[in-house]
Amino acid sequence: MQLAYLSLDSDAPIRSRLFDTEDSEEFEGDATLPSMRKPGTEWEVGMYLTRDGAWVLNVLMVRERDVVNMYREVDGAQAHQWLKRYQHLEAAERHFERPKGGRPKIGERLITTASARVHNEIAELAEMYAEPVPDTIRRLLMEALEHRRIIGAPGSRQSA
C-alpha cells in the first residue's frame, strides 16, 4: 500500500512524498487502542524504513470525534532513539551502531585458495550478477551445498 508522508527535505517544492509499505521494513511501536487515549493525545504506533532510506514515523492523534493517522519523516538520530525506546535493539544496532568503516559481521571467516581460472570465473559471475565477489562466493557455496542435499550426496545435511 502506498502512503504519503511529510518529508524533512525543506528544499523540495512539495514536502510530502510517497512510500510503499510492502517495500519498507516495519517496526511496531505503542499498540494502545485509540479508545484508551484522551482527546488531544498522540502516540507513536510504528516506524518504517523505506526502500529509499527514509525513516517514517506513524503517529496517531486522538481528537474529540476521530483519530488522525499521520506519517512524518524523522532523522537518523530520532529513528535510532525510537528503535531503542521500543526495544528494536537488533535493528538499532544493525542500522546505527555497527563499527565505522566496515560491514556488519555476517558469518565466520573462511579462508581458501583457488586457481587464477576460478578467481576469474567468480569475478565474471559477480559482474554478471552486479554483486560484490564475497557475496558471489557465499551464494555459490550455498548453491553447491543445496545441490548436495537435493541429490542426497553422502555427508550432506538433509533439510527437514
# chains A, B, ... in the order shown; residues from 1 in each chain; ligands from 1

$ residues_around --residues "Leu89 of chain A" --least-positions-apart "6" --cutoff "12 Å" --atoms "only C-alpha atoms" --output "list in words"
Phe27, Ala79, His80, Gln81, Trp82, Leu83, His95, Phe96 and Glu97 of chain A

$ write_last_selection --atoms "N, CA, C and O atoms" --output "compact mmCIF listing (two decimals), in the first residue's frame"
# COMPACT_ATOMS: atom_id res chain seq x y z
N PHE A 27 8.48 -1.46 11.89
CA PHE A 27 8.76 -1.69 13.31
C PHE A 27 7.54 -1.23 14.10
O PHE A 27 7.03 -0.14 13.87
N ALA A 79 15.29 8.30 14.74
CA ALA A 79 14.93 6.91 14.44
C ALA A 79 15.69 5.96 15.35
O ALA A 79 15.13 4.99 15.88
N HIS A 80 16.98 6.23 15.56
CA HIS A 80 17.81 5.39 16.42
C HIS A 80 17.25 5.36 17.85
O HIS A 80 17.07 4.28 18.44
N GLN A 81 16.93 6.51 18.40
CA GLN A 81 16.36 6.59 19.74
C GLN A 81 15.01 5.88 19.82
O GLN A 81 14.71 5.18 20.78
N TRP A 82 14.18 6.06 18.78
CA TRP A 82 12.86 5.42 18.75
C TRP A 82 13.01 3.91 18.76
O TRP A 82 12.31 3.21 19.50
N LEU A 83 13.91 3.38 17.93
CA LEU A 83 14.11 1.93 17.88
C LEU A 83 14.52 1.38 19.23
O LEU A 83 14.04 0.33 19.67
N HIS A 95 21.32 -0.82 12.01
CA HIS A 95 21.25 0.39 11.19
C HIS A 95 22.12 1.54 11.69
O HIS A 95 22.47 2.42 10.91
N PHE A 96 22.46 1.54 13.00
CA PHE A 96 23.13 2.72 13.54
C PHE A 96 24.39 2.45 14.35
O PHE A 96 25.19 3.36 14.54
N GLU A 97 24.58 1.25 14.85
CA GLU A 97 25.65 1.05 15.82
C GLU A 97 26.78 0.17 15.33
O GLU A 97 27.64 -0.21 16.11

$ select_by_dssp --residues "segment 31-80 of chain A" --states "strand (DSSP E)" --output "PyMOL selection string"
chain A and resi 42-49+55-62+67-74

$ residues_around --residues "Asp23 of chain A" --least-positions-apart "6" --cutoff "10 Å" --atoms "only C-alpha atoms" --output "ChimeraX atom specification"
/A:1-2,48-52

$ atom_distance --atom1 "atom CA of Gly29 of chain A" --atom2 "atom CA of Val59 of chain A"
9.5 Å

$ residues_around --residues "Asn58 of chain A" --least-positions-apart "3" --cutoff "9 Å" --atoms "only C-alpha atoms" --output "PDB file with N, CA, C and O atoms, in the first residue's frame"
ATOM      1  N   TYR A   5       3.922  10.773   3.236  1.00  0.00           N
ATOM      2  CA  TYR A   5       4.495  11.246   4.488  1.00  0.00           C
ATOM      3  C   TYR A   5       5.071  12.635   4.293  1.00  0.00           C
ATOM      4  O   TYR A   5       5.417  13.034   3.196  1.00  0.00           O
ATOM      5  N   GLY A  29       5.395   0.093  17.355  1.00  0.00           N
ATOM      6  CA  GLY A  29       5.597   0.990  18.486  1.00  0.00           C
ATOM      7  C   GLY A  29       4.560   0.736  19.555  1.00  0.00           C
ATOM      8  O   GLY A  29       4.329  -0.407  19.962  1.00  0.00           O
ATOM      9  N   TRP A  43       0.308   9.336  19.847  1.00  0.00           N
ATOM     10  CA  TRP A  43       1.273   8.308  20.186  1.00  0.00           C
ATOM     11  C   TRP A  43       1.827   7.667  18.935  1.00  0.00           C
ATOM     12  O   TRP A  43       1.222   7.717  17.875  1.00  0.00           O
ATOM     13  N   GLU A  44       3.015   7.115  19.120  1.00  0.00           N
ATOM     14  CA  GLU A  44       3.779   6.565  18.004  1.00  0.00           C
ATOM     15  C   GLU A  44       3.486   5.073  17.876  1.00  0.00           C
ATOM     16  O   GLU A  44       3.883   4.277  18.715  1.00  0.00           O
ATOM     17  N   VAL A  45       2.762   4.722  16.821  1.00  0.00           N
ATOM     18  CA  VAL A  45       2.345   3.332  16.656  1.00  0.00           C
ATOM     19  C   VAL A  45       3.310   2.509  15.815  1.00  0.00           C
ATOM     20  O   VAL A  45       3.252   1.280  15.837  1.00  0.00           O
ATOM     21  N   GLY A  46       4.194   3.158  15.081  1.00  0.00           N
ATOM     22  CA  GLY A  46       5.126   2.395  14.267  1.00  0.00           C
ATOM     23  C   GLY A  46       6.108   3.275  13.530  1.00  0.00           C
ATOM     24  O   GLY A  46       5.996   4.503  13.523  1.00  0.00           O
ATOM     25  N   MET A  47       7.085   2.607  12.933  1.00  0.00           N
ATOM     26  CA  MET A  47       8.126   3.284  12.163  1.00  0.00           C
ATOM     27  C   MET A  47       8.399   2.425  10.945  1.00  0.00           C
ATOM     28  O   MET A  47       8.363   1.196  11.009  1.00  0.00           O
ATOM     29  N   TYR A  48       8.673   3.082   9.824  1.00  0.00           N
ATOM     30  CA  TYR A  48       9.043   2.407   8.588  1.00  0.00           C
ATOM     31  C   TYR A  48      10.418   2.896   8.147  1.00  0.00           C
ATOM     32  O   TYR A  48      10.722   4.074   8.279  1.00  0.00           O
ATOM     33  N   ASN A  69      -4.461   9.628  11.497  1.00  0.00           N
ATOM     34  CA  ASN A  69      -3.278   8.805  11.271  1.00  0.00           C
ATOM     35  C   ASN A  69      -2.306   9.607  10.413  1.00  0.00           C
ATOM     36  O   ASN A  69      -2.627   9.958   9.288  1.00  0.00           O
ATOM     37  N   MET A  70      -1.115   9.934  10.963  1.00  0.00           N
ATOM     38  CA  MET A  70      -0.162  10.767  10.245  1.00  0.00           C
ATOM     39  C   MET A  70       1.161  10.021  10.069  1.00  0.00           C
ATOM     40  O   MET A  70       1.531   9.193  10.903  1.00  0.00           O
ATOM     41  N   TYR A  71       1.859  10.359   9.008  1.00  0.00           N
ATOM     42  CA  TYR A  71       3.184   9.808   8.739  1.00  0.00           C
ATOM     43  C   TYR A  71       4.129  10.982   8.508  1.00  0.00           C
ATOM     44  O   TYR A  71       3.819  11.866   7.711  1.00  0.00           O
ATOM     45  N   ARG A  72       5.254  10.975   9.222  1.00  0.00           N
ATOM     46  CA  ARG A  72       6.221  12.054   9.028  1.00  0.00           C
ATOM     47  C   ARG A  72       7.634  11.495   9.112  1.00  0.00           C
ATOM     48  O   ARG A  72       7.912  10.565   9.868  1.00  0.00           O
ATOM     49  N   GLU A  73       8.510  12.086   8.309  1.00  0.00           N
ATOM     50  CA  GLU A  73       9.898  11.647   8.275  1.00  0.00           C
ATOM     51  C   GLU A  73      10.629  12.153   9.521  1.00  0.00           C
ATOM     52  O   GLU A  73      10.397  13.264   9.985  1.00  0.00           O
TER      53      GLU A  73
END

$ closest_residue --among "A:Val56, A:Leu145, A:Ile106, A:Leu140" --to "Ile122 of chain A" --atoms "only C-alpha atoms"
A:Leu140

$ atom_distance --atom1 "atom CA of Gln87 of chain A" --atom2 "atom CA of Glu28 of chain A"
9.5 Å

$ select_by_dssp --residues "segment 25-114 of chain A" --states "alpha helix (DSSP H)" --output "ChimeraX atom specification"
/A:76-85,89-92

$ atom_distance --atom1 "atom CA of Thr136 of chain A" --atom2 "atom CA of Glu124 of chain A"
9.9 Å
